[in-house]
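The structure file data01.pdb is reproduced below (PDB, C-alpha atoms and all ligand atoms).
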ATOM      1  CA  MET A   1      -1.790   9.259   6.530
ATOM      2  CA  THR A   2      -2.476   5.567   6.000
ATOM      3  CA  ASN A   3      -6.028   5.968   4.582
ATOM      4  CA  PRO A   4      -6.994   2.303   4.780
ATOM      5  CA  ILE A   5      -8.760   0.523   1.942
ATOM      6  CA  LEU A   6     -10.887  -2.484   2.880
ATOM      7  CA  LEU A   7      -9.982  -5.790   1.229
ATOM      8  CA  ASN A   8     -12.495  -8.550   0.474
ATOM      9  CA  ASN A   9     -11.337 -10.541   3.519
ATOM     10  CA  ASN A  10     -12.044  -7.622   5.876
ATOM     11  CA  LYS A  11      -8.382  -6.780   6.303
ATOM     12  CA  THR A  12      -7.206  -3.305   5.363
ATOM     13  CA  ILE A  13      -4.323  -1.975   3.293
ATOM     14  CA  PRO A  14      -2.975   1.593   3.539
ATOM     15  CA  ALA A  15      -3.801   3.377   0.296
ATOM     16  CA  LEU A  16      -0.262   4.726  -0.062
ATOM     17  CA  GLY A  17       2.813   2.524  -0.034
ATOM     18  CA  LEU A  18       6.466   2.744  -0.977
ATOM     19  CA  GLY A  19       7.412   0.952  -4.204
ATOM     20  CA  THR A  20      10.823  -0.756  -4.225
ATOM     21  CA  TRP A  21      11.198  -1.918  -7.833
ATOM     22  CA  ARG A  22      14.532  -0.606  -9.161
ATOM     23  CA  SER A  23      15.502   0.563  -5.689
ATOM     24  CA  GLU A  24      19.110  -0.481  -5.738
ATOM     25  CA  PRO A  25      20.700  -2.423  -2.921
ATOM     26  CA  GLY A  26      22.753   0.246  -1.140
ATOM     27  CA  LYS A  27      19.877   2.730  -1.428
ATOM     28  CA  VAL A  28      16.769   0.777  -0.593
ATOM     29  CA  LYS A  29      17.551   0.409   3.090
ATOM     30  CA  ALA A  30      17.678   4.163   3.673
ATOM     31  CA  ALA A  31      14.586   4.604   1.479
ATOM     32  CA  VAL A  32      12.476   2.194   3.525
ATOM     33  CA  GLN A  33      13.750   3.743   6.755
ATOM     34  CA  THR A  34      12.920   7.248   5.505
ATOM     35  CA  ALA A  35       9.460   6.107   4.443
ATOM     36  CA  LEU A  36       8.677   4.536   7.818
ATOM     37  CA  ASN A  37       9.892   7.699   9.578
ATOM     38  CA  ALA A  38       7.711   9.794   7.256
ATOM     39  CA  GLY A  39       4.614   7.802   8.220
ATOM     40  CA  TYR A  40       4.375   5.222   5.422
ATOM     41  CA  ARG A  41       2.862   2.014   6.768
ATOM     42  CA  HIS A  42       2.911  -0.001   3.563
ATOM     43  CA  ILE A  43       5.986  -1.316   1.743
ATOM     44  CA  ASP A  44       5.700  -3.127  -1.585
ATOM     45  CA  CYS A  45       8.416  -5.705  -2.273
ATOM     46  CA  ALA A  46       9.118  -8.626  -4.627
ATOM     47  CA  ALA A  47      11.675 -11.405  -4.750
ATOM     48  CA  ILE A  48      12.699 -10.466  -8.308
ATOM     49  CA  TYR A  49      13.664  -6.931  -7.211
ATOM     50  CA  MET A  50      16.737  -8.577  -5.646
ATOM     51  CA  ASN A  51      16.693  -6.246  -2.665
ATOM     52  CA  GLU A  52      14.579  -8.088  -0.082
ATOM     53  CA  PRO A  53      17.535  -9.027   2.184
ATOM     54  CA  GLU A  54      18.415  -5.355   2.569
ATOM     55  CA  ILE A  55      14.817  -4.344   3.237
ATOM     56  CA  GLY A  56      14.692  -7.136   5.805
ATOM     57  CA  GLU A  57      17.457  -5.437   7.788
ATOM     58  CA  VAL A  58      15.235  -2.386   8.230
ATOM     59  CA  PHE A  59      12.242  -4.475   9.278
ATOM     60  CA  SER A  60      14.353  -6.413  11.745
ATOM     61  CA  THR A  61      15.646  -3.315  13.556
ATOM     62  CA  THR A  62      12.357  -1.416  13.305
ATOM     63  CA  PHE A  63      10.223  -4.178  14.759
ATOM     64  CA  SER A  64      12.716  -5.325  17.375
ATOM     65  CA  ASP A  65      12.830  -1.996  19.198
ATOM     66  CA  ASP A  66       9.012  -1.794  19.202
ATOM     67  CA  LYS A  67       8.934   1.793  17.907
ATOM     68  CA  ILE A  68       6.670   0.557  15.168
ATOM     69  CA  LEU A  69       4.847  -2.708  15.627
ATOM     70  CA  ARG A  70       4.901  -5.357  12.914
ATOM     71  CA  GLU A  71       1.078  -5.309  12.817
ATOM     72  CA  GLU A  72       1.154  -1.602  11.959
ATOM     73  CA  VAL A  73       2.992  -2.097   8.663
ATOM     74  CA  PHE A  74       1.436  -3.718   5.597
ATOM     75  CA  ILE A  75       4.069  -5.712   3.726
ATOM     76  CA  THR A  76       3.549  -7.172   0.254
ATOM     77  CA  SER A  77       5.790  -9.471  -1.743
ATOM     78  CA  LYS A  78       5.437 -11.394  -4.992
ATOM     79  CA  LEU A  79       5.992 -14.925  -6.268
ATOM     80  CA  TRP A  80       8.359 -14.898  -9.244
ATOM     81  CA  ASN A  81       7.349 -16.576 -12.495
ATOM     82  CA  SER A  82       9.894 -19.391 -12.161
ATOM     83  CA  GLU A  83       8.302 -20.523  -8.876
ATOM     84  CA  HIS A  84       4.763 -21.270 -10.106
ATOM     85  CA  HIS A  85       4.994 -25.040  -9.708
ATOM     86  CA  PRO A  86       2.916 -26.041  -6.660
ATOM     87  CA  ASP A  87       6.005 -27.667  -5.129
ATOM     88  CA  ALA A  88       7.944 -24.397  -5.439
ATOM     89  CA  VAL A  89       5.440 -21.877  -4.094
ATOM     90  CA  GLU A  90       5.859 -22.428  -0.372
ATOM     91  CA  LYS A  91       9.646 -22.580  -0.671
ATOM     92  CA  ALA A  92       9.679 -19.261  -2.546
ATOM     93  CA  CYS A  93       7.408 -17.669   0.045
ATOM     94  CA  ARG A  94       9.591 -18.930   2.899
ATOM     95  CA  LYS A  95      12.701 -17.557   1.154
ATOM     96  CA  THR A  96      11.060 -14.125   0.910
ATOM     97  CA  LEU A  97      10.007 -14.331   4.572
ATOM     98  CA  ALA A  98      13.585 -15.216   5.568
ATOM     99  CA  ASP A  99      15.031 -12.398   3.428
ATOM    100  CA  LEU A 100      12.547  -9.855   4.794
ATOM    101  CA  GLN A 101      13.049 -11.252   8.322
ATOM    102  CA  LEU A 102       9.307 -11.663   8.814
ATOM    103  CA  GLU A 103       7.046 -14.364  10.164
ATOM    104  CA  TYR A 104       4.199 -13.532   7.814
ATOM    105  CA  LEU A 105       3.372 -11.362   4.819
ATOM    106  CA  ASP A 106       0.276  -9.199   4.691
ATOM    107  CA  LEU A 107      -0.130  -9.860   0.984
ATOM    108  CA  TYR A 108       1.521 -12.261  -1.463
ATOM    109  CA  LEU A 109       0.902 -11.820  -5.184
ATOM    110  CA  ILE A 110       1.458 -13.973  -8.242
ATOM    111  CA  HIS A 111       3.788 -11.510 -10.009
ATOM    112  CA  TRP A 112       2.761 -12.425 -13.595
ATOM    113  CA  GLY A 113       0.306 -14.997 -14.907
ATOM    114  CA  ILE A 114       2.904 -17.139 -16.663
ATOM    115  CA  ALA A 115       4.948 -20.096 -15.396
ATOM    116  CA  PHE A 116       8.622 -19.866 -16.413
ATOM    117  CA  LYS A 117      10.954 -22.806 -16.538
ATOM    118  CA  PRO A 118      13.020 -22.598 -13.358
ATOM    119  CA  SER A 119      16.622 -21.553 -14.026
ATOM    120  CA  GLU A 120      19.498 -19.652 -12.474
ATOM    121  CA  GLN A 121      18.926 -16.913 -15.061
ATOM    122  CA  LYS A 122      15.332 -16.230 -13.898
ATOM    123  CA  GLU A 123      14.291 -15.684 -17.532
ATOM    124  CA  LEU A 124      15.399 -18.489 -19.849
ATOM    125  CA  LEU A 125      14.859 -17.980 -23.605
ATOM    126  CA  ASP A 126      14.766 -20.721 -26.250
ATOM    127  CA  GLU A 127      16.646 -20.553 -29.572
ATOM    128  CA  ASN A 128      13.807 -18.497 -31.068
ATOM    129  CA  GLY A 129      13.988 -15.892 -28.342
ATOM    130  CA  MET A 130      10.780 -17.101 -26.677
ATOM    131  CA  ILE A 131      10.582 -17.421 -22.923
ATOM    132  CA  MET A 132      10.768 -21.045 -21.735
ATOM    133  CA  THR A 133       7.737 -22.081 -19.733
ATOM    134  CA  ILE A 134       6.410 -25.121 -17.887
ATOM    135  CA  PRO A 135       2.859 -26.492 -18.185
ATOM    136  CA  VAL A 136       1.522 -25.243 -14.864
ATOM    137  CA  SER A 137      -1.863 -23.566 -14.816
ATOM    138  CA  ILE A 138      -2.725 -20.541 -12.739
ATOM    139  CA  GLN A 139      -5.275 -22.774 -11.033
ATOM    140  CA  GLU A 140      -2.515 -25.060  -9.681
ATOM    141  CA  THR A 141      -0.429 -22.103  -8.548
ATOM    142  CA  TRP A 142      -3.447 -20.456  -6.957
ATOM    143  CA  ARG A 143      -4.208 -23.590  -4.945
ATOM    144  CA  ALA A 144      -0.649 -23.446  -3.594
ATOM    145  CA  MET A 145      -1.137 -19.758  -2.774
ATOM    146  CA  GLU A 146      -4.318 -20.635  -0.857
ATOM    147  CA  ASN A 147      -2.288 -23.147   1.070
ATOM    148  CA  LEU A 148      -0.011 -20.336   2.284
ATOM    149  CA  VAL A 149      -3.021 -18.598   3.828
ATOM    150  CA  GLU A 150      -4.132 -21.848   5.440
ATOM    151  CA  LYS A 151      -0.629 -22.266   6.913
ATOM    152  CA  GLY A 152      -0.603 -18.702   8.265
ATOM    153  CA  LEU A 153       2.410 -17.609   6.191
ATOM    154  CA  VAL A 154       0.426 -14.868   4.462
ATOM    155  CA  ASN A 155      -2.736 -12.995   5.421
ATOM    156  CA  SER A 156      -4.007 -12.219   1.933
ATOM    157  CA  ILE A 157      -3.253 -13.402  -1.595
ATOM    158  CA  GLY A 158      -3.687 -11.750  -4.939
ATOM    159  CA  VAL A 159      -2.252 -11.274  -8.388
ATOM    160  CA  ALA A 160      -0.352  -8.726 -10.413
ATOM    161  CA  ASN A 161      -0.393  -7.923 -14.106
ATOM    162  CA  PHE A 162      -3.650  -9.824 -14.602
ATOM    163  CA  THR A 163      -5.957  -8.776 -17.412
ATOM    164  CA  THR A 164      -9.725  -8.839 -17.031
ATOM    165  CA  MET A 165     -10.018 -12.230 -18.731
ATOM    166  CA  MET A 166      -7.305 -13.820 -16.602
ATOM    167  CA  LEU A 167      -9.085 -12.618 -13.468
ATOM    168  CA  PHE A 168     -12.453 -13.653 -14.806
ATOM    169  CA  ASP A 169     -11.167 -17.224 -15.045
ATOM    170  CA  LEU A 170      -9.441 -17.169 -11.641
ATOM    171  CA  LEU A 171     -12.628 -15.989  -9.941
ATOM    172  CA  THR A 172     -14.475 -19.070 -11.196
ATOM    173  CA  TYR A 173     -12.410 -21.538  -9.151
ATOM    174  CA  ALA A 174     -10.688 -19.565  -6.380
ATOM    175  CA  LYS A 175     -11.713 -20.838  -2.939
ATOM    176  CA  ILE A 176      -9.992 -17.776  -1.538
ATOM    177  CA  GLN A 177     -10.871 -14.917  -3.834
ATOM    178  CA  PRO A 178      -7.928 -12.724  -4.868
ATOM    179  CA  ALA A 179      -7.790  -9.640  -2.648
ATOM    180  CA  MET A 180      -5.721  -7.563  -5.063
ATOM    181  CA  ASN A 181      -4.675  -7.039  -8.661
ATOM    182  CA  GLN A 182      -1.556  -4.896  -8.931
ATOM    183  CA  VAL A 183      -1.144  -3.360 -12.380
ATOM    184  CA  GLU A 184       0.505  -0.457 -14.175
ATOM    185  CA  ILE A 185      -1.721   2.596 -13.840
ATOM    186  CA  HIS A 186      -0.977   6.253 -14.541
ATOM    187  CA  PRO A 187      -2.802   8.788 -16.725
ATOM    188  CA  TYR A 188      -1.268   7.378 -19.935
ATOM    189  CA  ASN A 189      -2.459   3.858 -19.018
ATOM    190  CA  ALA A 190      -5.578   4.634 -17.006
ATOM    191  CA  GLN A 191      -7.210   1.155 -17.306
ATOM    192  CA  PRO A 192     -10.785   2.258 -16.462
ATOM    193  CA  GLU A 193     -12.430  -1.015 -17.622
ATOM    194  CA  LEU A 194     -10.020  -3.247 -15.703
ATOM    195  CA  ILE A 195     -10.440  -1.159 -12.539
ATOM    196  CA  ASN A 196     -14.212  -1.288 -12.928
ATOM    197  CA  PHE A 197     -14.174  -5.072 -13.355
ATOM    198  CA  CYS A 198     -11.925  -5.555 -10.313
ATOM    199  CA  HIS A 199     -13.914  -3.237  -8.070
ATOM    200  CA  SER A 200     -17.234  -4.788  -9.162
ATOM    201  CA  ASN A 201     -15.818  -8.149  -8.078
ATOM    202  CA  SER A 202     -14.417  -6.878  -4.748
ATOM    203  CA  VAL A 203     -10.815  -7.125  -5.940
ATOM    204  CA  ALA A 204      -8.817  -4.080  -4.833
ATOM    205  CA  VAL A 205      -6.422  -2.535  -7.337
ATOM    206  CA  THR A 206      -2.910  -1.242  -6.771
ATOM    207  CA  ALA A 207      -1.430   1.224  -9.238
ATOM    208  CA  TYR A 208       2.242   0.496  -9.853
ATOM    209  CA  SER A 209       4.493   2.888 -11.755
ATOM    210  CA  PRO A 210       1.996   5.679 -10.939
ATOM    211  CA  LEU A 211       4.510   8.321 -12.040
ATOM    212  CA  GLY A 212       5.355   6.656 -15.348
ATOM    213  CA  SER A 213       8.221   4.558 -14.049
ATOM    214  CA  PHE A 214      11.494   4.863 -15.958
ATOM    215  CA  GLY A 215      10.104   6.325 -19.184
ATOM    216  CA  ALA A 216      12.055   9.120 -20.871
ATOM    217  CA  GLU A 217      11.437  12.323 -18.928
ATOM    218  CA  HIS A 218       9.568  14.132 -21.732
ATOM    219  CA  ASN A 219       7.288  11.102 -22.279
ATOM    220  CA  ARG A 220       6.271  10.637 -18.695
ATOM    221  CA  PRO A 221       2.956  11.820 -17.242
ATOM    222  CA  ILE A 222       5.015  13.638 -14.623
ATOM    223  CA  SER A 223       6.073  16.061 -17.380
ATOM    224  CA  ASP A 224       2.645  16.351 -19.032
ATOM    225  CA  LYS A 225       1.447  19.935 -19.438
ATOM    226  CA  THR A 226      -2.011  19.186 -17.988
ATOM    227  CA  ILE A 227      -0.397  17.667 -14.898
ATOM    228  CA  LEU A 228       2.048  20.574 -14.626
ATOM    229  CA  SER A 229      -0.763  23.129 -14.777
ATOM    230  CA  LEU A 230      -2.877  21.292 -12.168
ATOM    231  CA  ALA A 231       0.188  21.043  -9.945
ATOM    232  CA  LYS A 232       0.670  24.784 -10.239
ATOM    233  CA  ALA A 233      -2.991  25.464  -9.460
ATOM    234  CA  HIS A 234      -2.832  23.387  -6.269
ATOM    235  CA  GLN A 235       0.723  24.429  -5.329
ATOM    236  CA  LYS A 236       1.640  20.774  -5.353
ATOM    237  CA  SER A 237       4.251  18.834  -7.330
ATOM    238  CA  PRO A 238       3.317  16.889 -10.497
ATOM    239  CA  ALA A 239       4.049  13.648  -8.606
ATOM    240  CA  GLN A 240       1.609  14.636  -5.872
ATOM    241  CA  VAL A 241      -1.110  15.339  -8.456
ATOM    242  CA  LEU A 242      -0.537  11.923 -10.072
ATOM    243  CA  ILE A 243      -0.690  10.129  -6.730
ATOM    244  CA  ARG A 244      -3.803  12.068  -5.732
ATOM    245  CA  TRP A 245      -5.528  11.154  -9.016
ATOM    246  CA  SER A 246      -4.955   7.450  -8.264
ATOM    247  CA  LEU A 247      -6.164   7.788  -4.670
ATOM    248  CA  GLN A 248      -9.350   9.534  -5.765
ATOM    249  CA  ARG A 249     -10.057   6.634  -8.128
ATOM    250  CA  GLY A 250     -10.126   4.325  -5.094
ATOM    251  CA  LEU A 251      -6.758   2.782  -5.889
ATOM    252  CA  VAL A 252      -3.866   1.768  -3.706
ATOM    253  CA  VAL A 253      -0.787   3.552  -5.054
ATOM    254  CA  ILE A 254       2.901   2.720  -4.602
ATOM    255  CA  PRO A 255       5.241   5.401  -5.984
ATOM    256  CA  LYS A 256       8.871   4.293  -5.959
ATOM    257  CA  SER A 257      11.626   6.575  -4.791
ATOM    258  CA  THR A 258      14.996   6.275  -3.126
ATOM    259  CA  ASN A 259      15.333  10.057  -2.836
ATOM    260  CA  PRO A 260      14.515  11.130   0.754
ATOM    261  CA  ASP A 261      12.905  14.444  -0.230
ATOM    262  CA  ARG A 262      10.700  12.770  -2.814
ATOM    263  CA  ILE A 263       9.695   9.986  -0.432
ATOM    264  CA  VAL A 264       8.437  12.647   1.993
ATOM    265  CA  GLU A 265       6.877  14.705  -0.816
ATOM    266  CA  ASN A 266       4.992  11.702  -2.216
ATOM    267  CA  ALA A 267       3.264  11.164   1.140
ATOM    268  CA  LYS A 268       1.878  14.705   1.318
ATOM    269  CA  VAL A 269      -1.176  13.915  -0.727
ATOM    270  CA  PHE A 270      -3.947  13.906   1.853
ATOM    271  CA  ASP A 271      -4.319  17.668   2.241
ATOM    272  CA  PHE A 272      -5.775  18.611  -1.135
ATOM    273  CA  GLU A 273      -8.432  17.390  -3.523
ATOM    274  CA  LEU A 274      -8.819  17.349  -7.292
ATOM    275  CA  SER A 275     -12.249  18.472  -8.465
ATOM    276  CA  ASP A 276     -14.407  16.271 -10.722
ATOM    277  CA  ASP A 277     -13.463  18.501 -13.627
ATOM    278  CA  GLU A 278      -9.750  18.157 -12.839
ATOM    279  CA  MET A 279     -10.089  14.372 -12.539
ATOM    280  CA  MET A 280     -11.754  14.380 -15.989
ATOM    281  CA  GLN A 281      -8.961  16.466 -17.482
ATOM    282  CA  ILE A 282      -6.484  13.821 -16.304
ATOM    283  CA  ASN A 283      -8.714  10.930 -17.407
ATOM    284  CA  LYS A 284      -8.629  12.345 -20.938
ATOM    285  CA  LEU A 285      -4.854  11.858 -21.146
ATOM    286  CA  ASN A 286      -5.260   8.083 -21.446
ATOM    287  CA  LYS A 287      -3.629   6.508 -24.506
ATOM    288  CA  ASN A 288      -3.261   2.925 -23.241
ATOM    289  CA  TYR A 289       0.493   3.394 -23.167
ATOM    290  CA  ARG A 290       2.494   0.962 -21.046
ATOM    291  CA  PHE A 291       5.978   1.712 -19.769
ATOM    292  CA  VAL A 292       6.212  -1.821 -18.365
ATOM    293  CA  ASP A 293       5.608  -4.499 -20.984
ATOM    294  CA  PRO A 294       8.065  -7.410 -21.032
ATOM    295  CA  SER A 295       6.362  -8.927 -24.105
ATOM    296  CA  LYS A 296       9.300  -8.191 -26.413
ATOM    297  CA  ARG A 297      11.843  -9.497 -23.946
ATOM    298  CA  TRP A 298       9.834 -12.697 -23.466
ATOM    299  CA  GLY A 299       9.096 -13.133 -27.171
ATOM    300  CA  LEU A 300       5.318 -13.222 -26.640
ATOM    301  CA  GLY A 301       2.442 -10.779 -26.411
ATOM    302  CA  TYR A 302       1.631 -10.966 -22.716
ATOM    303  CA  PHE A 303      -1.113  -8.343 -22.887
ATOM    304  CA  ASN A 304      -2.442  -9.322 -26.346
TER     305      ASN A 304
HETATM  306  P1  LIG A 401      13.940   8.535  -7.544
HETATM  307  O1  LIG A 401      13.952   7.143  -6.979
HETATM  308  O2  LIG A 401      15.308   9.039  -7.873
HETATM  309  O3  LIG A 401      13.139   9.505  -6.704
HETATM  310  P2  LIG A 401       7.194   5.033 -10.548
HETATM  311  O4  LIG A 401       6.783   4.988  -9.121
HETATM  312  O5  LIG A 401       6.131   5.474 -11.486
HETATM  313  O6  LIG A 401       7.847   3.755 -10.991
HETATM  314  O7  LIG A 401       8.304   6.164 -10.705
HETATM  315  C1  LIG A 401       9.558   6.030 -10.122
HETATM  316  C2  LIG A 401      10.469   7.039 -10.754
HETATM  317  O8  LIG A 401      10.005   8.370 -10.443
HETATM  318  C3  LIG A 401      11.853   6.929 -10.206
HETATM  319  O9  LIG A 401      12.740   7.231 -11.260
HETATM  320  C4  LIG A 401      11.884   7.991  -9.119
HETATM  321  O10 LIG A 401      13.205   8.473  -8.991
HETATM  322  C5  LIG A 401      10.992   9.068  -9.681
HETATM  323  N1  LIG A 401      10.273   9.836  -8.652
HETATM  324  C6  LIG A 401       9.738   9.376  -7.500
HETATM  325  N2  LIG A 401       9.125  10.363  -6.819
HETATM  326  C7  LIG A 401       9.271  11.484  -7.558
HETATM  327  C8  LIG A 401       8.864  12.824  -7.383
HETATM  328  N3  LIG A 401       8.182  13.217  -6.318
HETATM  329  N4  LIG A 401       9.205  13.721  -8.358
HETATM  330  C9  LIG A 401       9.894  13.329  -9.443
HETATM  331  N5  LIG A 401      10.301  12.069  -9.672
HETATM  332  C10 LIG A 401       9.996  11.147  -8.734
END
Show the structure stored in the file as C-alpha cells.
Amino acid sequence: MTNPILLNNNKTIPALGLGTWRSEPGKVKAAVQTALNAGYRHIDCAAIYMNEPEIGEVFSTTFSDDKILREEVFITSKLWNSEHHPDAVEKACRKTLADLQLEYLDLYLIHWGIAFKPSEQKELLDENGMIMTIPVSIQETWRAMENLVEKGLVNSIGVANFTTMMLFDLLTYAKIQPAMNQVEIHPYNAQPELINFCHSNSVAVTAYSPLGSFGAEHNRPISDKTILSLAKAHQKSPAQVLIRWSLQRGLVVIPKSTNPDRIVENAKVFDFELSDDEMMQINKLNKNYRFVDPSKRWGLGYFN
C-alpha cells in the first residue's frame, strides 16, 4: 500500500503517511503502532507537536526486533521556527533524532518560512501582539539544512507552508533543491497553482490536514454533500474519498488520526478510483479556505 512517489534526489516517499499533529501524548504511541501494523510505512512528525519522545518509543521497539526494518519506514520531522539560526539547526535536528530514537531522518522540513526569536514559550509576542523574530534569512537556514544532508543526519530536505514566491526565491540559491513542500490541501483549499509550480520544478507536495483538520464538523470537507454523495457511490467513507482525491492529484497525503478504526480505514484507498468527472466535481469545491492560518496569532499576514 505504500505507492511510492519519486523525489528529486531519486529517493522515494510512500504516498500515504500518518499525520501526528494534535495526536496527544498518551494516544500517539498506540496510533503509530496501529499504523505500522496496518501497513503504513510513512510517519510525519514535528518537534513542535511535542510528542516525538513517545513516537520514538514505538520506533525503538519496532526497529530493534527487526519485524520492520528502519529503511522500510519513511520518517519526516520539522525544524521549528525558533531554531532557524544556522547555529541552532543541527542542535534541533539532533534533539529530534534523540527523541525519535533514530540515527537519521528521511526528510527534514523547515516548518514555516519565518525565524522566531528563541524562547521557552516557542512563540514570543511583543507588546503589540506581533511575533518576535530574528533577522535570519531562509537562505542562511537552508544552508544549515544542506549541511545536515552532508553530515548524513537527514536524507532529504524540504519546506512546509511555503508559498510559490517563497519557493521561487529558494530555488534560485539552493545547492540542494528542496525535495518537498508540505502545505494545507483539501477540497476547500485545493491550491492548484502552487501544486503546479512545485511539480513543474520537481518539488513534491504533501497535503496536510487533508480532511479539514479541526474545523467545525459542518464546515469540514468531510461533511460536504458532494463528498458524501461520492462516498456513497463508491461505498467508501468521506475520508477515503478525500484521501483518494489527493492521491490522484499526485500528492503525498498524511491524514491524522489516533482512532484505530480510522487509521485502518484511511489506508484503504488503493482499491478504488475517482473518475475525471468526479475529480472535477471535487475540484469545484475550492474556496481558498484555510483551517490552519496562524497569521492572527502571530500578528502578521503570513500568507498575504
Ligand atoms: P481522530 O484522531 O479522532 O480520528 P486532518 O488529517 O485533516 O488534520 O484531520 C484530522 C481530524 O480528522 C482529526 O480530528 C481526526 O480525528 C479526524 N479523522 C481522521 N480520520 C477520520 C476518518 N476516517 N473519519 C472521520 N474523521 C477522521
Expected selection from the PyMOL selection byres (((chain A and resi 246) around 12) and not hetatm), given as a PyMOL selection string: chain A and resi 15-16+184-187+189-192+195+205-211+239-245+247-255+269+273-274+279+282-283
Of the listed residues A:Ala92, A:Lys236, A:Asn81, A:Leu36, that which approaches A:Leu69 most closely, counting all atoms listed in the file: A:Leu36
query: What do you get, as a PyMOL selection string, if you spell out every residue that the PyMOL selection byres (((chain A and resi 226) around 10) and not hetatm) selects here?
result: chain A and resi 221-225+227-232+238+278+281-282+284-285
For atom CA of A:Thr20 and atom CA of A:Asn304, the interatomic separation in Å (one decimal):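 Between atom CA of A:Thr20 and atom CA of A:Asn304 the gap is 27.2 Å.
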task: Check what the PyMOL selection byres (((chain A and resi 177) around 12) and not hetatm) selects in the file above and give those residues as an MDAnalysis selection string.
output: chainID A and resid 7:9 142:143 145:146 149 156:159 167:176 178:181 198 201:204
Å distance separating atom C8 of ligand LIG 401 (chain A) from atom CA of A:Asn266, one decimal place: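 Straight-line distance from atom C8 of ligand LIG 401 (chain A) to atom CA of A:Asn266 works out to 6.6 Å.
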